[in-house]
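Below is the file start_10.txt, which contains compact mmCIF, C-alpha atoms.
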```
# COMPACT_ATOMS: atom_id res chain seq x y z
CA MET A 169 18.83 261.38 -16.41
CA ARG A 170 16.59 263.26 -18.84
CA GLN A 171 18.45 261.71 -21.77
CA ARG A 172 17.83 258.21 -20.36
CA VAL A 173 14.10 258.93 -19.92
CA ALA A 174 13.90 260.34 -23.45
CA LEU A 175 15.73 257.34 -24.83
CA SER A 176 13.46 254.95 -22.95
CA THR A 177 10.36 256.76 -24.19
CA PHE A 178 11.67 256.69 -27.76
CA LEU A 179 12.40 252.97 -27.56
CA LEU A 180 8.95 252.27 -26.09
CA LEU A 181 7.20 254.25 -28.83
CA THR A 182 9.30 252.52 -31.47
CA PHE A 183 8.34 249.15 -30.04
CA ILE A 184 4.61 250.05 -29.97
CA VAL A 185 4.61 251.40 -33.54
CA GLY A 186 6.57 248.39 -34.74
CA SER A 187 4.20 246.00 -33.00
CA LYS A 188 1.19 247.69 -34.61
CA LYS A 189 2.76 247.50 -38.05
CA GLU A 190 3.63 243.87 -37.51
CA ALA A 191 0.06 243.12 -36.41
CA GLN A 192 -1.35 244.97 -39.42
CA SER A 193 1.03 243.10 -41.69
CA ALA A 194 -0.10 239.78 -40.15
CA GLU A 195 -3.73 240.74 -40.73
CA THR A 196 -2.92 241.53 -44.34
CA ARG A 197 -1.19 238.19 -44.78
CA ALA A 198 -3.97 236.19 -43.09
CA PRO A 199 -6.13 234.44 -45.69
CA ALA A 200 -9.83 235.36 -45.84
CA LYS A 201 -12.20 232.87 -44.22
CA GLN A 202 -13.40 230.30 -46.73
CA ILE A 203 -17.16 230.54 -47.28
CA THR A 204 -19.13 227.33 -46.70
CA VAL A 205 -22.18 226.88 -48.95
CA ALA A 206 -24.60 224.16 -47.79
CA MET A 207 -26.75 223.12 -50.75
CA MET A 208 -29.73 220.78 -50.49
CA PRO A 209 -31.58 219.00 -53.33
CA LYS A 210 -35.07 217.59 -52.85
CA SER A 211 -33.58 214.11 -53.20
CA LYS A 212 -29.96 213.10 -53.75
CA GLY A 213 -30.75 210.13 -56.00
CA ASN A 214 -32.79 212.03 -58.59
CA ALA A 215 -30.88 212.36 -61.89
CA TYR A 216 -32.14 215.94 -62.22
CA PHE A 217 -30.42 216.97 -58.98
CA ILE A 218 -27.32 214.90 -59.72
CA SER A 219 -26.95 217.00 -62.87
CA CYS A 220 -27.47 220.22 -60.86
CA ARG A 221 -24.70 219.14 -58.49
CA LYS A 222 -22.18 219.01 -61.33
CA GLY A 223 -22.71 222.71 -62.05
CA ALA A 224 -22.66 223.55 -58.34
CA GLU A 225 -19.28 221.88 -57.91
CA GLU A 226 -17.94 223.75 -60.94
CA ALA A 227 -18.94 227.09 -59.40
CA ALA A 228 -17.59 226.17 -55.95
CA LYS A 229 -14.21 225.34 -57.46
CA GLU A 230 -14.23 228.53 -59.53
CA LEU A 231 -15.04 230.70 -56.50
CA GLY A 232 -12.82 228.86 -54.00
CA VAL A 233 -15.64 228.07 -51.58
CA LYS A 234 -16.49 224.89 -49.68
CA LEU A 235 -19.62 223.13 -50.94
CA LEU A 236 -21.62 220.82 -48.67
CA TRP A 237 -24.09 218.87 -50.82
CA ASP A 238 -26.56 216.83 -48.81
CA GLY A 239 -30.24 216.03 -48.43
CA PRO A 240 -32.77 213.20 -48.24
CA THR A 241 -32.34 210.13 -50.45
CA GLU A 242 -36.04 210.51 -51.35
CA PRO A 243 -38.32 213.57 -51.09
CA ASP A 244 -38.98 213.99 -47.36
CA PRO A 245 -39.85 217.38 -45.81
CA ALA A 246 -39.01 216.19 -42.28
CA LYS A 247 -35.52 215.09 -43.29
CA GLN A 248 -34.97 218.43 -45.04
CA ASN A 249 -35.79 220.17 -41.76
CA GLU A 250 -33.35 217.93 -39.91
CA ARG A 251 -30.58 218.80 -42.34
CA VAL A 252 -31.25 222.55 -41.90
CA GLU A 253 -30.99 222.15 -38.12
CA THR A 254 -27.69 220.30 -38.52
CA TRP A 255 -26.30 223.06 -40.71
CA ILE A 256 -27.39 225.73 -38.20
CA THR A 257 -25.46 223.90 -35.49
CA ARG A 258 -22.47 223.54 -37.79
CA GLY A 259 -22.49 227.28 -38.49
CA VAL A 260 -22.42 227.31 -42.28
CA ASP A 261 -22.29 230.70 -43.98
CA VAL A 262 -25.15 230.25 -46.44
CA MET A 263 -27.79 227.63 -47.22
CA ALA A 264 -29.32 226.95 -50.64
CA VAL A 265 -32.39 224.70 -50.41
CA ALA A 266 -34.59 223.10 -53.06
CA VAL A 267 -37.80 223.03 -51.05
CA GLU A 268 -40.11 220.01 -50.90
CA ASN A 269 -42.71 221.55 -48.58
CA ARG A 270 -43.00 225.33 -48.50
CA GLU A 271 -44.67 225.78 -45.12
CA GLY A 272 -42.90 222.87 -43.49
CA ILE A 273 -39.36 224.14 -43.96
CA SER A 274 -39.90 227.89 -43.62
CA THR A 275 -39.80 227.87 -39.81
CA ALA A 276 -36.41 226.13 -39.84
CA LEU A 277 -35.07 228.52 -42.47
CA ARG A 278 -36.22 231.55 -40.47
CA LYS A 279 -34.34 230.12 -37.49
CA ALA A 280 -31.21 229.83 -39.65
CA ARG A 281 -31.51 233.48 -40.64
CA GLN A 282 -31.94 234.53 -37.02
CA LYS A 283 -28.67 232.72 -36.26
CA GLY A 284 -26.90 234.78 -38.95
CA VAL A 285 -26.95 232.19 -41.73
CA LYS A 286 -27.80 233.57 -45.17
CA VAL A 287 -30.56 231.59 -46.91
CA ILE A 288 -31.55 231.24 -50.55
CA THR A 289 -33.83 228.73 -52.24
CA TRP A 290 -33.47 227.17 -55.67
CA ASP A 291 -35.61 225.04 -57.99
CA SER A 292 -38.63 225.49 -55.66
CA ASP A 293 -39.36 228.10 -53.05
CA ALA A 294 -40.02 228.54 -49.34
CA LEU A 295 -42.20 231.35 -48.01
CA PRO A 296 -40.61 234.67 -49.05
CA ASP A 297 -39.79 235.80 -45.49
CA ALA A 298 -37.74 232.63 -44.91
CA ARG A 299 -35.04 233.39 -47.49
CA ASP A 300 -33.25 236.23 -49.28
CA PHE A 301 -33.62 235.13 -52.91
CA LEU A 302 -35.05 232.33 -55.03
CA ILE A 303 -32.79 231.08 -57.81
CA ASN A 304 -35.48 230.34 -60.33
CA GLN A 305 -35.04 228.24 -63.46
CA ALA A 306 -37.85 230.24 -65.07
CA THR A 307 -41.07 231.91 -64.00
CA PRO A 308 -43.93 229.57 -63.03
CA GLU A 309 -46.00 231.28 -65.71
CA GLY A 310 -43.39 230.59 -68.40
CA ILE A 311 -43.13 226.93 -67.43
CA GLY A 312 -46.86 226.34 -67.10
CA PHE A 313 -47.73 228.08 -70.34
CA MET A 314 -45.04 226.26 -72.32
CA LEU A 315 -46.13 222.86 -70.98
CA MET A 316 -49.75 223.51 -71.92
CA ASP A 317 -48.82 224.93 -75.33
CA GLU A 318 -46.73 221.83 -76.12
CA ALA A 319 -49.49 219.51 -74.94
CA ALA A 320 -52.06 221.34 -77.06
CA ARG A 321 -49.79 221.21 -80.11
CA VAL A 322 -49.32 217.45 -79.75
CA MET A 323 -53.04 216.85 -79.08
CA GLY A 324 -54.27 219.09 -81.88
CA GLY A 325 -56.13 221.32 -79.45
CA LYS A 326 -58.69 218.77 -78.20
CA ASP A 327 -59.26 215.57 -76.11
CA GLU A 328 -58.22 214.67 -72.56
CA PHE A 329 -54.86 214.67 -70.78
CA ALA A 330 -53.56 213.71 -67.34
CA ILE A 331 -50.78 215.11 -65.16
CA ILE A 332 -48.22 213.14 -63.15
CA THR A 333 -46.50 215.33 -60.55
CA ALA A 334 -43.87 214.57 -57.91
CA SER A 335 -46.07 215.23 -54.89
CA LEU A 336 -49.22 217.14 -54.09
CA THR A 337 -47.23 219.40 -51.72
CA ALA A 338 -44.35 220.36 -54.07
CA ALA A 339 -44.59 224.15 -54.10
CA ASN A 340 -43.07 224.73 -57.53
CA MET A 341 -45.22 222.09 -59.24
CA ASN A 342 -48.38 223.42 -57.65
CA GLU A 343 -47.49 226.84 -59.08
CA TRP A 344 -46.90 225.32 -62.52
CA GLN A 345 -50.25 223.54 -62.35
CA LYS A 346 -52.05 226.83 -61.70
CA PHE A 347 -50.62 228.29 -64.89
CA ILE A 348 -51.19 225.07 -66.85
CA GLU A 349 -54.87 225.31 -65.93
CA GLN A 350 -55.00 229.05 -66.64
CA ARG A 351 -53.56 228.51 -70.11
CA ARG A 352 -55.87 225.58 -70.79
CA ALA A 353 -58.98 227.53 -69.76
CA GLU A 354 -58.03 230.62 -71.74
CA LYS A 355 -56.66 229.08 -74.95
CA TYR A 356 -57.69 225.44 -75.18
CA PRO A 357 -61.27 224.99 -73.92
CA GLU A 358 -61.69 221.76 -75.91
CA ILE A 359 -58.93 220.10 -73.87
CA LYS A 360 -59.92 218.59 -70.50
CA MET A 361 -57.76 217.35 -67.63
CA ALA A 362 -58.86 213.85 -66.60
CA ALA A 363 -56.51 213.02 -63.73
CA LEU A 364 -53.72 214.28 -61.46
CA ARG A 365 -51.46 211.69 -59.80
CA PRO A 366 -48.31 211.99 -57.62
CA CYS A 367 -45.33 209.67 -58.18
CA ASP A 368 -43.10 210.68 -55.23
CA ASP A 369 -40.34 211.62 -57.69
CA LEU A 370 -39.88 207.93 -58.55
CA LYS A 371 -39.70 206.51 -62.07
CA ASP A 372 -41.22 203.14 -61.10
CA LYS A 373 -44.15 204.77 -59.35
CA ALA A 374 -44.67 207.08 -62.35
CA PHE A 375 -44.84 203.96 -64.52
CA ALA A 376 -47.48 202.47 -62.21
CA GLU A 377 -49.50 205.70 -62.04
CA ALA A 378 -49.40 206.16 -65.82
CA THR A 379 -50.59 202.57 -66.29
CA ALA A 380 -53.45 203.22 -63.86
CA ILE A 381 -54.38 206.43 -65.69
CA LEU A 382 -54.50 204.64 -69.06
CA ASN A 383 -56.64 201.84 -67.64
CA ALA A 384 -59.09 204.17 -65.88
CA ASN A 385 -59.27 206.88 -68.57
CA PRO A 386 -59.50 205.40 -72.08
CA ASN A 387 -60.03 208.86 -73.61
CA VAL A 388 -56.71 210.25 -72.34
CA LYS A 389 -54.49 211.08 -75.31
CA LEU A 390 -51.54 212.65 -73.50
CA ILE A 391 -49.75 212.38 -70.18
CA MET A 392 -48.01 215.53 -68.96
CA ALA A 393 -45.20 214.57 -66.57
CA ILE A 394 -43.97 217.56 -64.58
CA CYS A 395 -41.10 216.00 -62.58
CA SER A 396 -38.05 214.51 -64.26
CA PRO A 397 -38.45 210.81 -63.24
CA ALA A 398 -42.08 210.85 -64.38
CA VAL A 399 -41.32 211.48 -68.06
CA PRO A 400 -39.44 208.22 -68.78
CA GLY A 401 -41.69 206.36 -66.33
CA ALA A 402 -44.86 207.45 -68.10
CA SER A 403 -43.27 206.92 -71.53
CA GLU A 404 -42.39 203.32 -70.69
CA ALA A 405 -45.95 202.75 -69.49
CA VAL A 406 -47.35 204.08 -72.76
CA LYS A 407 -44.89 201.92 -74.72
CA GLN A 408 -45.84 198.76 -72.86
CA SER A 409 -49.55 199.53 -73.19
CA GLY A 410 -49.27 199.48 -76.96
CA ARG A 411 -51.37 202.65 -77.13
CA LYS A 412 -50.13 204.40 -80.26
CA ASP A 413 -52.69 207.18 -79.75
CA VAL A 414 -51.17 208.37 -76.45
CA LYS A 415 -48.13 210.65 -76.17
CA VAL A 416 -46.04 211.99 -73.28
CA VAL A 417 -44.63 215.48 -72.80
CA GLY A 418 -43.06 216.97 -69.71
CA LEU A 419 -40.13 218.31 -67.77
CA GLY A 420 -37.17 215.96 -67.92
CA LEU A 421 -33.52 215.35 -68.71
CA PRO A 422 -32.51 214.75 -72.33
CA ASN A 423 -30.46 211.62 -71.59
CA ASP A 424 -33.35 209.97 -69.72
CA ASN A 425 -35.70 210.42 -72.64
CA LYS A 426 -33.74 210.12 -75.88
CA ARG A 427 -34.97 206.60 -76.66
CA TYR A 428 -38.63 207.62 -76.23
CA VAL A 429 -38.13 210.77 -78.30
CA ARG A 430 -36.55 208.67 -81.08
CA GLU A 431 -39.48 206.23 -80.93
CA GLY A 432 -42.04 209.04 -81.14
CA ILE A 433 -43.68 208.30 -77.78
CA THR A 434 -42.36 211.57 -76.34
CA PRO A 435 -42.58 214.32 -78.97
CA SER A 436 -40.96 216.92 -76.72
CA VAL A 437 -39.18 217.31 -73.40
CA ILE A 438 -39.04 220.72 -71.73
CA LEU A 439 -36.37 221.80 -69.30
CA TRP A 440 -33.56 224.22 -68.66
CA ASN A 441 -29.86 223.53 -68.41
CA THR A 442 -29.71 221.84 -65.02
CA GLU A 443 -25.94 222.20 -64.68
CA ASN A 444 -26.35 225.93 -65.20
CA LEU A 445 -29.03 226.02 -62.47
CA GLY A 446 -26.63 224.44 -59.97
CA TYR A 447 -23.83 226.71 -61.13
CA LEU A 448 -25.95 229.85 -60.78
CA THR A 449 -27.20 228.82 -57.33
CA VAL A 450 -23.68 228.64 -55.89
CA HIS A 451 -22.69 231.95 -57.51
CA ALA A 452 -25.76 233.63 -56.02
CA ALA A 453 -25.24 232.00 -52.61
CA VAL A 454 -21.69 233.34 -52.42
CA ALA A 455 -22.78 236.80 -53.59
CA VAL A 456 -25.50 236.92 -50.92
CA SER A 457 -23.02 235.76 -48.26
CA ARG A 458 -20.56 238.50 -49.27
CA GLY A 459 -23.24 241.18 -49.42
CA GLU A 460 -22.80 241.60 -53.18
CA LEU A 461 -26.36 240.52 -54.08
CA LYS A 462 -28.86 242.65 -52.16
CA ALA A 463 -32.57 243.41 -52.19
CA GLY A 464 -33.47 245.78 -55.02
CA ALA A 465 -30.92 244.42 -57.50
CA ALA A 466 -32.09 244.31 -61.13
CA LYS A 467 -29.18 242.35 -62.61
CA PHE A 468 -26.77 239.71 -61.42
CA ALA A 469 -23.42 238.71 -62.91
CA GLY A 470 -23.61 234.91 -62.97
CA GLY A 471 -20.05 233.94 -63.86
CA ARG A 472 -19.85 232.27 -67.28
CA LEU A 473 -23.63 232.73 -67.66
CA GLY A 474 -23.18 236.48 -68.00
CA GLU A 475 -25.63 239.09 -66.79
CA LEU A 476 -28.98 237.69 -65.66
CA GLU A 477 -32.26 239.33 -64.75
CA VAL A 478 -33.32 239.72 -61.13
CA LYS A 479 -37.10 240.02 -60.95
CA GLY A 480 -38.09 241.12 -57.46
CA ASP A 481 -36.43 238.53 -55.21
CA ASN A 482 -36.02 235.97 -58.02
CA VAL A 483 -32.76 235.49 -59.91
CA LEU A 484 -33.86 234.07 -63.27
CA LEU A 485 -31.85 231.50 -65.18
CA GLY A 486 -33.81 232.09 -68.39
CA LYS A 487 -36.57 230.65 -70.57
CA PRO A 488 -37.31 226.91 -70.70
CA PHE A 489 -35.94 224.96 -73.66
CA VAL A 490 -37.81 222.41 -75.78
CA PHE A 491 -35.90 219.23 -76.68
CA THR A 492 -37.22 217.42 -79.76
CA LYS A 493 -36.10 214.66 -82.13
CA GLU A 494 -34.35 217.36 -84.18
CA ASN A 495 -32.08 218.65 -81.40
CA ILE A 496 -32.00 216.27 -78.40
CA GLU A 497 -28.92 214.33 -79.56
CA GLN A 498 -26.85 217.52 -79.21
CA PHE A 499 -27.22 217.46 -75.41
CA ASN A 500 -25.56 215.20 -72.85
CA PHE A 501 -27.02 215.61 -69.35
```
Have the structure of the file written as structure tokens, please.
Amino acid sequence: MRQRVALSTFLLLTFIVGSKKEAQSAETRAPAKQITVAMMPKSKGNAYFISCRKGAEEAAKELGVKLLWDGPTEPDPAKQNERVETWITRGVDVMAVAVENREGISTALRKARQKGVKVITWDSDALPDARDFLINQATPEGIGFMLMDEAARVMGGKDEFAIITASLTAANMNEWQKFIEQRRAEKYPEIKMAALRPCDDLKDKAFAEATAILNANPNVKLIMAICSPAVPGASEAVKQSGRKDVKVVGLGLPNDNKRYVREGITPSVILWNTENLGYLTVHAAVAVSRGELKAGAAKFAGGRLGELEVKGDNVLLGKPFVFTKENIEQFNF
């Protein structure tokens, strides 16, 4: 009888141990959950953001994550909020949002974080408590100073200029404008700003606004366009006006502006590598989701971009680049 009990106990223990090993082996074999990165541009139809998407898709493929790319067809803070709510319901792992209205979207992003969704911003920022990191193409100071320095170089340090922006609520552009004005006041007191007009991130509206600026301000010698559709829009307006004394500089894509650079209407276009911005955003989103990028970091390994600086809660892509007649043909985006 004792031998039967002992044998039964032995068989039971063997079964339990075997079952545990089998379960552990199954856990080892089970693939890790695929991370879903939901990435939102300000507007899907803008060539700037289309270029960013190419880099984002490259990084998603490289990292083996699922990328959801979606947003408004035109800049619309309310529709951005709706998309965030949809992604909360869907239960994505991490959101990366290019913010149109800082205050407007921050409440929705805080809600996402409370639900366990990691949140980063890119291109333009929400309020700091609504996200973990901003993936920043450059510092606002670096962008604003470079824009004003280029404008002053083209204008010879005097006369009037006007600014065409995307919208009067775009957080990143408002930051740039502060540093444009700071640089102007400190270094170029003989230059005056004559007008500031929004174009809603639309080339045709930028054309119309630039035409209105030229008609209303005959002393304007330069238009500074600080959203990508505004540079070719303003350049075409200057071309059609026949005003040889007016130039355009701004933030734009090389391919959109090559013809105007060749013709001398646009002496310089300033930007960063937009594909790299999209690429870096996905890398950072995945790192935040995995707990690999945390508060207090000083450096971040950005895949093929190498080691990048983390300044506070900003992951920096690098310094802006100036495209001119001498180098613009080398670039294709």
Spatial neighbours of Asn425 of chain A, max dist 10 Å, only C-alpha atoms, sep filter under 4 positions, as a PyMOL selection string: chain A and resi 396-397+399-401+403-404+420-421+429-430+433-434+436-437+491+496
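In this model, the gap between atom CA of Arg352 of chain A and atom CA of Glu309 of chain A comes to 12.5 Å.
When only C-alpha atoms are used to compute distances to Arg411 of chain A, the closest of the residues A:Pro366, A:Pro308, A:Gly471, A:Pro386 turns out to be A:Pro386.
Look at Lys373 of chain A: the protein and nucleic acid residues within 12 Å of it, using all atoms listed in the file and passing over chain neighbours fewer than 3 places away, are Ile332, Thr333, Ala334, Ser335, Arg365, Pro366, Cys367, Asp368, Asp369, Leu370, Ala376, Glu377, Ala378, Thr379, Ala380, Pro397, Ala398, Val399, Pro400, Gly401, Ala402, Glu404 and Ala405 of chain A.
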Go ahead and write the selection's residues with C-alpha atoms as an mmCIF file, keeping the file's coordinate frame.
```
data_model
loop_
_atom_site.group_PDB
_atom_site.id
_atom_site.type_symbol
_atom_site.label_atom_id
_atom_site.label_comp_id
_atom_site.auth_asym_id
_atom_site.auth_seq_id
_atom_site.Cartn_x
_atom_site.Cartn_y
_atom_site.Cartn_z
ATOM 1 C CA ILE A 332 -48.220 213.140 -63.150
ATOM 2 C CA THR A 333 -46.500 215.330 -60.550
ATOM 3 C CA ALA A 334 -43.870 214.570 -57.910
ATOM 4 C CA SER A 335 -46.070 215.230 -54.890
ATOM 5 C CA ARG A 365 -51.460 211.690 -59.800
ATOM 6 C CA PRO A 366 -48.310 211.990 -57.620
ATOM 7 C CA CYS A 367 -45.330 209.670 -58.180
ATOM 8 C CA ASP A 368 -43.100 210.680 -55.230
ATOM 9 C CA ASP A 369 -40.340 211.620 -57.690
ATOM 10 C CA LEU A 370 -39.880 207.930 -58.550
ATOM 11 C CA ALA A 376 -47.480 202.470 -62.210
ATOM 12 C CA GLU A 377 -49.500 205.700 -62.040
ATOM 13 C CA ALA A 378 -49.400 206.160 -65.820
ATOM 14 C CA THR A 379 -50.590 202.570 -66.290
ATOM 15 C CA ALA A 380 -53.450 203.220 -63.860
ATOM 16 C CA PRO A 397 -38.450 210.810 -63.240
ATOM 17 C CA ALA A 398 -42.080 210.850 -64.380
ATOM 18 C CA VAL A 399 -41.320 211.480 -68.060
ATOM 19 C CA PRO A 400 -39.440 208.220 -68.780
ATOM 20 C CA GLY A 401 -41.690 206.360 -66.330
ATOM 21 C CA ALA A 402 -44.860 207.450 -68.100
ATOM 22 C CA GLU A 404 -42.390 203.320 -70.690
ATOM 23 C CA ALA A 405 -45.950 202.750 -69.490
#
```
Selected residue of minimal separation from Phe217 of chain A among A:Gln408, A:Thr241, A:Thr254, A:Thr492, counting only C-alpha atoms: A:Thr241
Selected residue, from A:His451, A:Lys493, A:Lys371, A:Arg258, that lies nearest to Pro422 of chain A when counting only C-alpha atoms: A:Lys493
Atom CA of Ala215 of chain A to atom CA of Val265 of chain A, distance in Å rounded to a single decimal: 16.9 Å
Using all atoms listed in the file: which of A:Ala465, A:Val262, A:Ala306, A:Leu231 has the shortest distance to Thr442 of chain A: A:Ala306
Just the residues within 9 Å of Ala319 of chain A, please, counting all atoms listed in the file, with nothing from its chain fewer than 2 positions along; format it as a compact mmCIF listing (two decimals) with C-alpha atoms, in the coordinates of the input.
```txt
# COMPACT_ATOMS: atom_id res chain seq x y z
CA MET A 314 -45.04 226.26 -72.32
CA LEU A 315 -46.13 222.86 -70.98
CA MET A 316 -49.75 223.51 -71.92
CA ASP A 317 -48.82 224.93 -75.33
CA ARG A 321 -49.79 221.21 -80.11
CA VAL A 322 -49.32 217.45 -79.75
CA MET A 323 -53.04 216.85 -79.08
CA GLY A 324 -54.27 219.09 -81.88
CA GLY A 325 -56.13 221.32 -79.45
CA PHE A 329 -54.86 214.67 -70.78
CA LEU A 390 -51.54 212.65 -73.50
CA ILE A 391 -49.75 212.38 -70.18
CA MET A 392 -48.01 215.53 -68.96
CA VAL A 416 -46.04 211.99 -73.28
CA VAL A 417 -44.63 215.48 -72.80
CA GLY A 418 -43.06 216.97 -69.71
```
Atomic separation - atom CA of Asn387 of chain A relative to atom CA of Glu328 of chain A, Å: 6.2 Å
Spatial neighbours of Ser211 of chain A, max dist 6 Å, all atoms listed in the file, sep filter under 2 positions, as a PDB file with C-alpha atoms, in the coordinates of the input:
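So selection-v6.pdb came out as:
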```pdb
ATOM      1  CA  PRO A 209     -31.580 219.000 -53.330  1.00  0.00           C
ATOM      2  CA  GLY A 213     -30.750 210.130 -56.000  1.00  0.00           C
ATOM      3  CA  ASN A 214     -32.790 212.030 -58.590  1.00  0.00           C
ATOM      4  CA  PRO A 240     -32.770 213.200 -48.240  1.00  0.00           C
ATOM      5  CA  THR A 241     -32.340 210.130 -50.450  1.00  0.00           C
ATOM      6  CA  GLU A 242     -36.040 210.510 -51.350  1.00  0.00           C
ATOM      7  CA  PRO A 243     -38.320 213.570 -51.090  1.00  0.00           C
TER       8      PRO A 243
END
```
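Closest approach to Leu476 of chain A among A:Gln202, A:Asn304, A:Asn269, A:Gln248 is made by A:Asn304 (distances from only C-alpha atoms).
Counting all atoms listed in the file and comparing A:Val456, A:Ala393, A:Met263, A:Leu439, the residue that lies closest to Phe499 of chain A is A:Leu439.
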Surrounding residues of Asn441 of chain A excluding itself and chain neighbours under 6 positions, 9 Å, all atoms listed in the file, as a count of residues only: 7
Within 6 Å of file point (-29.7, 220.9, -51.1), counting all atoms listed in the file, expressed as a ChimeraX atom specification: /A:207-209,237-239,265-266
